[in-house]
$ cat upload_11.txt   # compact mmCIF, C-alpha atoms and all ligand atoms
# COMPACT_ATOMS: atom_id res chain seq x y z
CA MET Y 9 115.43 164.22 104.54
CA GLN Y 10 115.85 160.67 105.80
CA SER Y 11 116.12 158.07 103.05
CA PRO Y 12 113.81 155.07 103.46
CA TRP Y 13 116.85 152.77 103.45
CA ASP Y 14 118.23 154.59 106.51
CA TYR Y 15 115.31 153.94 108.83
CA PRO Y 16 116.71 152.13 111.91
CA ASP Y 17 113.95 149.53 111.50
CA PHE Y 18 114.68 148.89 107.83
CA ASP Y 19 115.87 145.28 107.62
CA ASP Y 20 116.06 144.42 103.93
CA HIS Y 21 112.28 144.49 103.64
CA GLU Y 22 111.30 143.00 100.29
CA VAL Y 23 108.74 145.70 99.46
CA VAL Y 24 107.10 148.64 101.19
CA HIS Y 25 103.96 150.06 99.59
CA PHE Y 26 102.66 153.57 100.20
CA VAL Y 27 98.92 153.59 99.51
CA THR Y 28 96.89 156.75 98.82
CA ASP Y 29 93.24 156.95 97.82
CA ARG Y 30 92.20 160.58 97.37
CA GLU Y 31 88.48 159.93 97.29
CA SER Y 32 88.21 158.12 100.63
CA GLY Y 33 91.21 159.85 102.21
CA LEU Y 34 92.92 156.51 102.81
CA ARG Y 35 96.62 156.64 103.53
CA ALA Y 36 98.30 153.38 104.40
CA ILE Y 37 101.67 151.65 104.41
CA ILE Y 38 101.92 147.96 103.65
CA ALA Y 39 105.32 146.47 104.47
CA VAL Y 40 106.30 142.98 103.39
CA HIS Y 41 109.46 141.98 105.22
CA SER Y 42 109.98 138.45 103.91
CA THR Y 43 108.15 136.02 101.66
CA HIS Y 44 110.80 133.33 102.04
CA LEU Y 45 108.38 130.92 103.72
CA GLY Y 46 105.16 132.12 102.08
CA PRO Y 47 103.06 135.26 101.61
CA GLY Y 48 103.77 138.06 104.08
CA ALA Y 49 101.06 137.73 106.72
CA GLY Y 50 100.21 140.09 109.57
CA GLY Y 51 97.47 142.40 110.76
CA THR Y 52 96.49 145.93 109.85
CA ARG Y 53 96.86 148.61 112.52
CA PHE Y 54 94.60 151.68 112.46
CA TRP Y 55 96.40 154.36 114.43
CA HIS Y 56 96.97 158.09 114.66
CA TYR Y 57 100.67 158.87 114.26
CA GLU Y 58 102.08 162.28 115.13
CA GLN Y 59 104.43 162.00 112.18
CA GLY Y 60 104.30 159.93 108.99
CA GLY Y 61 107.79 158.65 109.77
CA ASP Y 62 106.47 156.98 112.92
CA ALA Y 63 103.98 155.04 110.78
CA VAL Y 64 106.76 153.86 108.48
CA ALA Y 65 108.88 152.80 111.47
CA ASP Y 66 105.92 150.88 112.94
CA ALA Y 67 105.18 149.08 109.67
CA LEU Y 68 108.85 148.14 109.22
CA ARG Y 69 109.30 146.94 112.81
CA LEU Y 70 106.01 145.06 113.04
CA SER Y 71 106.38 143.31 109.67
CA ARG Y 72 109.83 142.01 110.64
CA GLY Y 73 108.27 140.81 113.91
CA MET Y 74 105.67 138.88 111.91
CA SER Y 75 108.38 137.18 109.81
CA TYR Y 76 109.99 135.94 113.02
CA LYS Y 77 106.71 134.96 114.66
CA ASN Y 78 105.32 133.06 111.66
CA ALA Y 79 108.63 131.29 111.07
CA MET Y 80 108.93 130.18 114.69
CA ALA Y 81 105.31 129.00 114.66
CA GLY Y 82 106.24 126.64 111.82
CA LEU Y 83 103.79 128.29 109.42
CA PRO Y 84 104.12 128.48 105.64
CA LEU Y 85 103.92 132.26 105.89
CA GLY Y 86 106.28 135.17 105.63
CA GLY Y 87 105.98 138.44 107.49
CA GLY Y 88 104.00 141.54 106.63
CA LYS Y 89 102.12 144.29 108.40
CA ALA Y 90 100.09 147.31 107.39
CA VAL Y 91 99.25 150.56 109.09
CA ILE Y 92 96.38 152.84 108.12
CA LEU Y 93 97.12 156.42 109.12
CA ALA Y 94 94.17 157.72 111.12
CA ASP Y 95 93.38 161.35 111.86
CA LYS Y 96 93.37 162.65 115.46
CA ASP Y 97 89.77 161.52 115.98
CA ARG Y 98 90.47 158.13 114.39
CA THR Y 99 87.70 158.62 111.85
CA LYS Y 100 87.22 155.31 110.09
CA THR Y 101 84.87 155.12 107.10
CA GLU Y 102 83.60 152.25 105.02
CA ALA Y 103 85.01 153.95 101.90
CA MET Y 104 88.49 153.83 103.44
CA LEU Y 105 88.17 150.14 104.22
CA VAL Y 106 86.90 149.45 100.70
CA ALA Y 107 89.88 151.31 99.21
CA TYR Y 108 92.16 149.46 101.58
CA GLY Y 109 90.72 146.08 100.53
CA ARG Y 110 91.34 146.97 96.90
CA ALA Y 111 94.91 148.00 97.68
CA VAL Y 112 95.58 144.68 99.43
CA ASP Y 113 94.04 142.87 96.47
CA ARG Y 114 96.31 144.62 93.99
CA LEU Y 115 99.28 142.98 95.72
CA GLY Y 116 97.94 139.66 94.42
CA GLY Y 117 98.39 137.69 97.64
CA ALA Y 118 101.93 138.80 98.48
CA TYR Y 119 100.38 140.22 101.65
CA ILE Y 120 97.63 138.62 103.77
CA THR Y 121 95.97 140.90 106.26
CA ALA Y 122 94.19 140.31 109.59
CA GLU Y 123 93.14 142.22 112.73
CA ASP Y 124 95.38 144.42 114.80
CA VAL Y 125 94.96 147.42 117.10
CA GLY Y 126 92.05 149.54 115.83
CA ILE Y 127 90.84 147.01 113.26
CA GLY Y 128 88.14 144.58 114.31
CA VAL Y 129 86.31 141.68 112.72
CA ALA Y 130 83.55 143.97 111.36
CA ASP Y 131 86.19 146.05 109.53
CA LEU Y 132 87.77 142.91 108.10
CA VAL Y 133 84.42 141.73 106.81
CA ILE Y 134 84.23 144.95 104.73
CA VAL Y 135 87.84 144.52 103.55
CA SER Y 136 87.13 140.89 102.63
CA LYS Y 137 84.46 141.95 100.13
CA HIS Y 138 87.27 143.45 98.02
CA THR Y 139 90.06 140.93 98.49
CA ARG Y 140 90.31 137.30 99.51
CA HIS Y 141 93.71 137.88 101.11
CA VAL Y 142 92.22 138.30 104.58
CA ALA Y 143 92.41 136.01 107.62
CA GLY Y 144 90.68 136.20 110.99
CA LEU Y 145 87.10 136.37 109.77
CA PRO Y 146 84.19 135.04 111.85
CA ALA Y 147 83.97 131.25 111.70
CA ALA Y 148 80.90 129.06 111.65
CA GLU Y 149 80.36 126.67 114.59
CA GLY Y 150 82.82 123.76 114.39
CA GLU Y 151 84.97 125.43 111.74
CA VAL Y 152 88.53 126.62 112.27
CA GLY Y 153 88.70 130.38 112.82
CA GLY Y 154 87.11 133.00 115.04
CA ASP Y 155 88.56 134.54 118.19
CA PRO Y 156 92.26 133.67 118.44
CA GLY Y 157 92.31 134.37 122.21
CA PRO Y 158 91.49 130.85 123.46
CA HIS Y 159 94.13 129.35 121.14
CA THR Y 160 96.74 131.82 122.31
CA ALA Y 161 95.78 130.99 125.91
CA TYR Y 162 96.21 127.23 125.32
CA GLY Y 163 99.71 127.83 123.92
CA ILE Y 164 100.59 130.06 126.88
CA PHE Y 165 99.39 127.37 129.30
CA LEU Y 166 101.56 124.74 127.57
CA GLY Y 167 104.51 127.16 127.51
CA VAL Y 168 104.13 127.93 131.23
CA LYS Y 169 104.13 124.18 131.91
CA ALA Y 170 107.30 123.74 129.84
CA ALA Y 171 108.98 126.56 131.76
CA ALA Y 172 107.91 125.11 135.11
CA ARG Y 173 109.32 121.75 134.08
CA ARG Y 174 112.63 123.28 133.08
CA ALA Y 175 113.13 125.84 135.84
CA LEU Y 176 111.39 124.12 138.74
CA GLY Y 177 111.46 120.43 137.79
CA LYS Y 178 107.64 120.24 138.04
CA ASP Y 179 105.58 118.20 135.59
CA SER Y 180 102.32 119.78 136.69
CA LEU Y 181 101.21 123.25 137.71
CA ALA Y 182 99.45 121.75 140.76
CA GLY Y 183 100.39 123.79 143.82
CA LEU Y 184 102.42 126.34 141.85
CA HIS Y 185 101.69 130.02 142.35
CA ILE Y 186 101.13 131.92 139.10
CA ALA Y 187 100.90 135.71 139.03
CA ILE Y 188 98.92 136.87 136.00
CA GLN Y 189 99.05 140.47 134.78
CA GLY Y 190 95.77 141.11 133.00
CA ALA Y 191 92.36 139.46 133.22
CA GLY Y 192 91.36 139.73 129.56
CA SER Y 193 90.84 137.14 126.86
CA VAL Y 194 94.20 135.34 127.02
CA ALA Y 195 94.69 135.75 130.78
CA GLY Y 196 91.22 134.30 131.34
CA GLY Y 197 91.95 131.23 129.21
CA LEU Y 198 95.30 130.68 130.90
CA ALA Y 199 93.74 131.05 134.35
CA ARG Y 200 91.06 128.44 133.59
CA HIS Y 201 93.58 125.88 132.27
CA ALA Y 202 95.99 126.49 135.16
CA ALA Y 203 93.25 126.37 137.82
CA ALA Y 204 91.96 123.10 136.38
CA GLU Y 205 95.44 121.67 136.96
CA GLY Y 206 95.52 122.90 140.56
CA ALA Y 207 97.62 126.08 140.30
CA ARG Y 208 97.21 128.91 142.81
CA LEU Y 209 96.48 132.15 140.98
CA SER Y 210 96.99 135.84 141.71
CA ILE Y 211 95.35 138.12 139.17
CA ALA Y 212 95.71 141.85 138.55
CA ASP Y 213 93.92 144.09 136.07
CA ILE Y 214 93.50 147.87 135.91
CA ASP Y 215 89.83 147.00 135.39
CA ALA Y 216 89.17 145.88 138.98
CA ALA Y 217 85.77 144.36 138.19
CA ARG Y 218 87.31 142.20 135.49
CA ALA Y 219 90.00 140.94 137.85
CA GLN Y 220 87.36 140.22 140.54
CA LYS Y 221 85.17 138.28 138.12
CA LEU Y 222 88.00 136.10 136.84
CA ALA Y 223 89.42 135.51 140.33
CA ALA Y 224 85.99 134.44 141.58
CA GLU Y 225 85.58 132.05 138.66
CA VAL Y 226 88.96 130.32 139.09
CA GLY Y 227 89.28 130.61 142.88
CA GLY Y 228 92.20 133.04 142.63
CA ALA Y 229 93.21 136.15 144.57
CA VAL Y 230 93.00 139.70 143.27
CA VAL Y 231 96.21 141.71 143.45
CA ASP Y 232 96.66 145.46 143.01
CA PRO Y 233 98.00 146.05 139.46
CA ARG Y 234 100.87 148.07 140.99
CA ASP Y 235 102.06 145.00 142.91
CA ILE Y 236 101.78 142.17 140.38
CA LEU Y 237 105.31 142.57 138.95
CA THR Y 238 106.91 142.35 142.39
CA LEU Y 239 104.79 139.53 143.78
CA GLU Y 240 106.67 136.48 145.04
CA ALA Y 241 105.44 133.57 142.91
CA ASP Y 242 106.63 130.61 140.83
CA VAL Y 243 105.66 132.16 137.50
CA LEU Y 244 104.88 135.69 136.32
CA SER Y 245 102.65 135.64 133.26
CA PRO Y 246 102.40 139.07 131.59
CA CYS Y 247 99.12 139.02 129.68
CA ALA Y 248 98.35 142.75 129.43
CA LEU Y 249 100.85 145.21 127.99
CA GLY Y 250 104.18 145.26 126.20
CA ALA Y 251 107.46 146.79 127.40
CA ILE Y 252 106.88 145.78 131.02
CA LEU Y 253 110.31 144.18 131.46
CA THR Y 254 112.63 147.13 132.05
CA GLU Y 255 115.87 147.59 133.96
CA GLN Y 256 113.85 148.65 137.03
CA SER Y 257 111.09 146.04 136.87
CA ILE Y 258 113.53 143.18 136.18
CA ALA Y 259 115.57 144.15 139.24
CA ALA Y 260 112.42 143.89 141.37
CA LEU Y 261 111.05 140.55 140.03
CA ARG Y 262 110.57 137.79 142.63
CA VAL Y 263 109.88 134.84 140.32
CA PRO Y 264 112.06 132.18 138.67
CA VAL Y 265 109.97 132.19 135.45
CA VAL Y 266 108.43 134.85 133.19
CA ALA Y 267 106.12 133.36 130.54
CA GLY Y 268 103.12 135.20 129.16
CA ALA Y 269 101.19 136.44 126.16
CA ALA Y 270 101.90 140.16 125.90
CA ASN Y 271 103.75 141.20 122.74
CA ASN Y 272 107.17 142.90 123.02
CA GLN Y 273 107.57 142.31 126.75
CA LEU Y 274 111.24 143.32 126.78
CA ALA Y 275 111.50 147.11 126.70
CA THR Y 276 114.95 146.93 125.04
CA PRO Y 277 117.14 144.10 123.72
CA GLN Y 278 119.45 144.62 126.74
CA ASP Y 279 116.59 143.56 128.99
CA GLY Y 280 116.93 140.03 127.57
CA ASP Y 281 120.42 139.93 129.12
CA ARG Y 282 119.24 141.55 132.34
CA ILE Y 283 116.54 138.95 132.95
CA ALA Y 284 118.95 136.10 132.12
CA ALA Y 285 121.58 137.59 134.45
CA ARG Y 286 119.08 137.34 137.29
CA GLY Y 287 118.72 133.61 136.58
CA ILE Y 288 115.08 134.02 135.53
CA LEU Y 289 113.84 131.76 132.73
CA TYR Y 290 112.16 133.87 130.05
CA ALA Y 291 109.85 132.50 127.35
CA PRO Y 292 110.29 134.68 124.22
CA ASP Y 293 106.90 136.31 123.71
CA TYR Y 294 106.38 135.74 120.00
CA VAL Y 295 107.19 132.04 120.36
CA ILE Y 296 104.93 131.29 123.34
CA ASN Y 297 102.02 133.46 122.11
CA ALA Y 298 101.77 131.95 118.61
CA GLY Y 299 98.59 129.92 119.26
CA GLY Y 300 96.36 132.65 117.88
CA ILE Y 301 98.30 133.12 114.65
CA ILE Y 302 98.43 129.34 114.20
CA ASN Y 303 94.63 129.25 114.35
CA VAL Y 304 94.19 132.29 112.08
CA SER Y 305 96.59 130.91 109.48
CA SER Y 306 94.99 127.46 109.52
CA GLU Y 307 91.63 129.13 108.91
CA HIS Y 308 92.97 131.12 105.98
CA LEU Y 309 95.01 128.36 104.37
CA GLY Y 310 92.35 125.73 105.09
CA ASP Y 311 95.12 123.25 105.87
CA ALA Y 312 94.01 121.97 109.30
CA ASP Y 313 90.88 121.07 111.23
CA GLU Y 314 90.45 121.81 114.94
CA ALA Y 315 92.49 118.77 115.97
CA GLY Y 316 95.23 119.82 113.54
CA VAL Y 317 95.32 123.32 115.00
CA LYS Y 318 95.58 121.87 118.51
CA ALA Y 319 98.45 119.61 117.42
CA ARG Y 320 100.28 122.61 115.95
CA ILE Y 321 99.85 124.62 119.15
CA GLU Y 322 101.17 121.65 121.12
CA LYS Y 323 104.51 122.09 119.33
CA ILE Y 324 105.11 125.39 121.14
CA PRO Y 325 106.69 123.78 124.26
CA GLY Y 326 109.19 121.89 122.07
CA ARG Y 327 110.23 125.12 120.37
CA LEU Y 328 110.70 126.82 123.73
CA ASP Y 329 112.80 123.89 124.97
CA ALA Y 330 115.01 124.14 121.87
CA ILE Y 331 115.53 127.85 122.55
CA TRP Y 332 116.33 127.32 126.22
CA GLU Y 333 118.74 124.47 125.33
CA GLU Y 334 120.61 126.65 122.86
CA SER Y 335 120.58 129.55 125.31
CA GLU Y 336 122.15 127.35 127.96
CA SER Y 337 124.81 125.97 125.66
CA THR Y 338 125.75 129.30 124.04
CA GLY Y 339 125.23 131.73 126.92
CA ARG Y 340 123.05 133.96 124.73
CA ASN Y 341 119.74 134.98 126.23
CA PRO Y 342 116.55 133.23 125.02
CA ALA Y 343 115.18 136.26 123.17
CA GLU Y 344 118.41 136.61 121.21
CA VAL Y 345 118.46 132.87 120.47
CA ALA Y 346 114.86 133.01 119.22
CA ASP Y 347 115.66 135.91 116.86
CA ALA Y 348 118.69 134.05 115.49
CA MET Y 349 116.63 130.88 114.95
CA ALA Y 350 113.92 132.88 113.17
CA GLN Y 351 116.51 134.57 110.94
CA ARG Y 352 117.89 131.17 109.94
CA LEU Y 353 114.37 129.94 109.13
CA ILE Y 354 113.74 132.88 106.80
CA GLY Y 355 117.04 132.34 105.02
CA ARG Y 356 118.86 135.25 106.67
CA GLY Y 357 121.01 133.36 109.15
P1 LIG S 401 92.50 141.93 126.32
O1 LIG S 401 92.28 143.32 125.85
O2 LIG S 401 91.37 140.96 126.27
O3 LIG S 401 93.04 141.95 127.82
C1 LIG S 401 94.05 142.80 128.25
C2 LIG S 401 93.74 143.15 129.70
O4 LIG S 401 94.87 143.82 130.25
C3 LIG S 401 92.56 144.08 129.86
O5 LIG S 401 91.61 143.51 130.76
C4 LIG S 401 93.17 145.36 130.43
O6 LIG S 401 92.32 146.05 131.32
C5 LIG S 401 94.39 144.81 131.14
N1 LIG S 401 95.45 145.77 131.43
C6 LIG S 401 95.86 146.83 130.69
N2 LIG S 401 96.87 147.47 131.32
C7 LIG S 401 97.09 146.81 132.48
C8 LIG S 401 98.00 146.97 133.56
N3 LIG S 401 98.89 147.97 133.56
N4 LIG S 401 97.96 146.09 134.57
C9 LIG S 401 97.07 145.08 134.59
N5 LIG S 401 96.17 144.88 133.60
C10 LIG S 401 96.19 145.72 132.55
O7 LIG S 401 93.76 141.40 125.48
P2 LIG S 401 94.19 139.89 125.18
O8 LIG S 401 93.63 139.51 123.86
O9 LIG S 401 93.92 139.05 126.37
O10 LIG S 401 95.75 140.07 124.96
C11 LIG S 401 96.63 140.24 126.07
C12 LIG S 401 98.04 140.46 125.56
O11 LIG S 401 98.46 139.37 124.76
C13 LIG S 401 98.20 141.70 124.66
O12 LIG S 401 99.47 142.26 124.89
C14 LIG S 401 98.15 141.12 123.27
O13 LIG S 401 98.87 141.93 122.34
C15 LIG S 401 98.84 139.80 123.47
N6 LIG S 401 98.46 138.78 122.48
C16 LIG S 401 97.14 138.43 122.34
C17 LIG S 401 96.79 137.46 121.42
C18 LIG S 401 95.36 137.02 121.25
O14 LIG S 401 95.13 136.03 120.55
N7 LIG S 401 94.39 137.67 121.85
C19 LIG S 401 97.78 136.86 120.62
C20 LIG S 401 99.12 137.23 120.80
C21 LIG S 401 99.43 138.21 121.73

$ encode --input "upload_11.txt" --output "structure tokens"
Amino acid sequence: MQSPWDYPDFDDHEVVHFVTDRESGLRAIIAVHSTHLGPGAGGTRFWHYEQGGDAVADALRLSRGMSYKNAMAGLPLGGGKAVILADKDRTKTEAMLVAYGRAVDRLGGAYITAEDVGIGVADLVIVSKHTRHVAGLPAAEGEVGGDPGPHTAYGIFLGVKAAARRALGKDSLAGLHIAIQGAGSVAGGLARHAAAEGARLSIADIDAARAQKLAAEVGGAVVDPRDILTLEADVLSPCALGAILTEQSIAALRVPVVAGAANNQLATPQDGDRIAARGILYAPDYVINAGGIINVSSEHLGDADEAGVKARIEKIPGRLDAIWEESESTGRNPAEVADAMAQRLIGRG
């Protein structure tokens, strides 16, 4: 049997909790990777795993990702992540969420939870009745909190501008052609900001009606989702799925810049080198897409108002520039540089 210390994704995680509640049937794993900068913060995923080992691997990998993301966002938070093991039908009961809230509470604030795949705001509201270590709850008008999408989108817009400045020498997106994969929450916000600045937009979504609606609103063109990654444009902004940058797709890119919101865009670490070798400027995903977590954390910690959140998001371009500078001077690709910077910030340099 594989020892927990031998999991490929084990990275000196501080603690990993295995939670069982017989009455509700809850089974969960809560992994806290690092509390060097603050409590381990990251969402809870509700997912059906074929094997328990896959759930452990996910919790280990995602919690390390949160350490890096929170550190690079300049937040006083460490990295954590939880997975609740769902059955094949993904049966979710209130009793499970109650038991889960109690389990999070027993950790005394070492882990702060939030939304992730399969866990929505309504679930978090139930969890929050049993622990206060929850972020991402509905916010009242004028208060910090609520949907992180628009904040993520603002950070992506600023990051795309920084990339255009660096790779194309342009101070404005006016006249630039941006290809956006996805027409959801973040893509929509990005499209509105970019259109307001005069960018030309091509938009693709597997939900054709969604793409049509957004394109009509921002005066953009709809592109077949099969063609968006090979479109000739100034910027490709992946705002749909992860793992879209592969050996094959990178070889076919016709853009000088890739900067978008999707998590884990590089299918493998080698793809960071592949994209750099093609001379394409890449914005590391967890650095450029931190606007949402910045908003969620400010809500939870109560340490910023709306203007403060905006000011924090406006630091994203500076972080990207620092990464690109170091990448240029060391020859390491931007994703690798970002990981190394994050490791230094969490005291593991
Ligand atoms: P969303 O669900 O609102 O939108 C995603 C869109 O992508 C959907 O309209 C979907 O139909 C489309 N899509 C799926 N597969 C596609 C494909 N193959 N080609 C084209 N379109 C496809 O999600 P979102 O909140 O806008 O998030 C977008 C991405 O950004 C996700 O990867 C998410 O993990 C990441 N992200 C989001 C936030 C946030 O605050 N919402 C924060 C950080 C990262």

$ residues_around --input "upload_11.txt" --residues "stretch 100-117 of chain Y" --least-positions-apart "2" --cutoff "9 Å" --atoms "all atoms listed in the file" --output "PyMOL selection string"
chain Y and resi 27-29+31-36+38+47-48+54+92+94-95+97-98+119-121+131-132+134-142

$ write_last_selection --input "upload_11.txt" --atoms "C-alpha atoms" --output "PDB file, keeping the file's coordinate frame"
ATOM      1  CA  VAL Y  27      98.920 153.590  99.510  1.00  0.00           C
ATOM      2  CA  THR Y  28      96.890 156.750  98.820  1.00  0.00           C
ATOM      3  CA  ASP Y  29      93.240 156.950  97.820  1.00  0.00           C
ATOM      4  CA  GLU Y  31      88.480 159.930  97.290  1.00  0.00           C
ATOM      5  CA  SER Y  32      88.210 158.120 100.630  1.00  0.00           C
ATOM      6  CA  GLY Y  33      91.210 159.850 102.210  1.00  0.00           C
ATOM      7  CA  LEU Y  34      92.920 156.510 102.810  1.00  0.00           C
ATOM      8  CA  ARG Y  35      96.620 156.640 103.530  1.00  0.00           C
ATOM      9  CA  ALA Y  36      98.300 153.380 104.400  1.00  0.00           C
ATOM     10  CA  ILE Y  38     101.920 147.960 103.650  1.00  0.00           C
ATOM     11  CA  PRO Y  47     103.060 135.260 101.610  1.00  0.00           C
ATOM     12  CA  GLY Y  48     103.770 138.060 104.080  1.00  0.00           C
ATOM     13  CA  PHE Y  54      94.600 151.680 112.460  1.00  0.00           C
ATOM     14  CA  ILE Y  92      96.380 152.840 108.120  1.00  0.00           C
ATOM     15  CA  ALA Y  94      94.170 157.720 111.120  1.00  0.00           C
ATOM     16  CA  ASP Y  95      93.380 161.350 111.860  1.00  0.00           C
ATOM     17  CA  ASP Y  97      89.770 161.520 115.980  1.00  0.00           C
ATOM     18  CA  ARG Y  98      90.470 158.130 114.390  1.00  0.00           C
ATOM     19  CA  TYR Y 119     100.380 140.220 101.650  1.00  0.00           C
ATOM     20  CA  ILE Y 120      97.630 138.620 103.770  1.00  0.00           C
ATOM     21  CA  THR Y 121      95.970 140.900 106.260  1.00  0.00           C
ATOM     22  CA  ASP Y 131      86.190 146.050 109.530  1.00  0.00           C
ATOM     23  CA  LEU Y 132      87.770 142.910 108.100  1.00  0.00           C
ATOM     24  CA  ILE Y 134      84.230 144.950 104.730  1.00  0.00           C
ATOM     25  CA  VAL Y 135      87.840 144.520 103.550  1.00  0.00           C
ATOM     26  CA  SER Y 136      87.130 140.890 102.630  1.00  0.00           C
ATOM     27  CA  LYS Y 137      84.460 141.950 100.130  1.00  0.00           C
ATOM     28  CA  HIS Y 138      87.270 143.450  98.020  1.00  0.00           C
ATOM     29  CA  THR Y 139      90.060 140.930  98.490  1.00  0.00           C
ATOM     30  CA  ARG Y 140      90.310 137.300  99.510  1.00  0.00           C
ATOM     31  CA  HIS Y 141      93.710 137.880 101.110  1.00  0.00           C
ATOM     32  CA  VAL Y 142      92.220 138.300 104.580  1.00  0.00           C
TER      33      VAL Y 142
END

$ residues_around --input "upload_11.txt" --residues "Y:Leu83" --least-positions-apart "6" --cutoff "8 Å" --atoms "only C-alpha atoms" --output "PDB file with C-alpha atoms, keeping the file's coordinate frame"
ATOM      1  CA  LEU Y  45     108.380 130.920 103.720  1.00  0.00           C
ATOM      2  CA  ILE Y 302      98.430 129.340 114.200  1.00  0.00           C
ATOM      3  CA  SER Y 305      96.590 130.910 109.480  1.00  0.00           C
TER       4      SER Y 305
END

$ residues_near_ligand --input "upload_11.txt" --ligand "ligand LIG 401 (chain S)" --cutoff "9 Å" --atoms "all atoms listed in the file" --output "ChimeraX atom specification"
/Y:124-125,155-161,188-197,211-216,218-219,232-234,236,246-250,252,268-273,293-294,296-301

$ closest_residue --input "upload_11.txt" --among "Y:Leu176, Y:Phe26, Y:Pro342, Y:Tyr162" --to "Y:Ala319" --atoms "all atoms listed in the file"
Y:Tyr162

$ atom_distance --input "upload_11.txt" --atom1 "atom CA of Y:Val64" --atom2 "atom CA of Y:Ile37"
6.9 Å

$ decode --input "upload_11.txt" --residues "stretch 42-55 of chain Y" --atoms "N, CA, C and O atoms" --output "compact mmCIF listing (two decimals), in the first residue's frame"
# COMPACT_ATOMS: atom_id res chain seq x y z
N SER Y 42 0.36 25.01 3.80
CA SER Y 42 1.25 25.93 4.52
C SER Y 42 0.44 26.96 5.28
O SER Y 42 -0.54 27.48 4.76
N THR Y 43 0.88 27.25 6.50
CA THR Y 43 0.27 28.36 7.25
C THR Y 43 1.33 29.42 7.53
O THR Y 43 1.20 30.22 8.46
N HIS Y 44 2.38 29.42 6.72
CA HIS Y 44 3.48 30.36 6.93
C HIS Y 44 2.99 31.82 6.90
O HIS Y 44 3.42 32.64 7.70
N LEU Y 45 2.08 32.13 5.98
CA LEU Y 45 1.61 33.51 5.84
C LEU Y 45 0.29 33.77 6.55
O LEU Y 45 -0.17 34.89 6.63
N GLY Y 46 -0.36 32.71 7.03
CA GLY Y 46 -1.67 32.87 7.67
C GLY Y 46 -2.41 31.55 7.59
O GLY Y 46 -1.87 30.54 7.14
N PRO Y 47 -3.68 31.53 8.02
CA PRO Y 47 -4.44 30.28 7.96
C PRO Y 47 -4.53 29.74 6.54
O PRO Y 47 -4.56 30.52 5.58
N GLY Y 48 -4.55 28.43 6.42
CA GLY Y 48 -4.65 27.80 5.10
C GLY Y 48 -6.03 28.06 4.51
O GLY Y 48 -7.03 27.60 5.06
N ALA Y 49 -6.08 28.81 3.41
CA ALA Y 49 -7.39 29.16 2.84
C ALA Y 49 -7.53 28.59 1.44
O ALA Y 49 -6.59 28.62 0.64
N GLY Y 50 -8.71 28.08 1.15
CA GLY Y 50 -9.02 27.53 -0.18
C GLY Y 50 -10.35 26.81 -0.12
O GLY Y 50 -10.81 26.41 0.95
N GLY Y 51 -10.97 26.66 -1.27
CA GLY Y 51 -12.33 26.15 -1.33
C GLY Y 51 -12.48 24.67 -1.03
O GLY Y 51 -11.51 23.95 -0.84
N THR Y 52 -13.74 24.26 -0.96
CA THR Y 52 -14.09 22.85 -0.78
C THR Y 52 -14.67 22.33 -2.08
O THR Y 52 -15.57 22.94 -2.66
N ARG Y 53 -14.14 21.23 -2.56
CA ARG Y 53 -14.62 20.60 -3.79
C ARG Y 53 -15.52 19.42 -3.42
O ARG Y 53 -15.16 18.65 -2.52
N PHE Y 54 -16.65 19.30 -4.09
CA PHE Y 54 -17.57 18.18 -3.87
C PHE Y 54 -17.54 17.36 -5.16
O PHE Y 54 -18.03 17.81 -6.20
N TRP Y 55 -16.95 16.17 -5.10
CA TRP Y 55 -16.66 15.48 -6.36
C TRP Y 55 -16.71 13.98 -6.16
O TRP Y 55 -16.36 13.49 -5.07
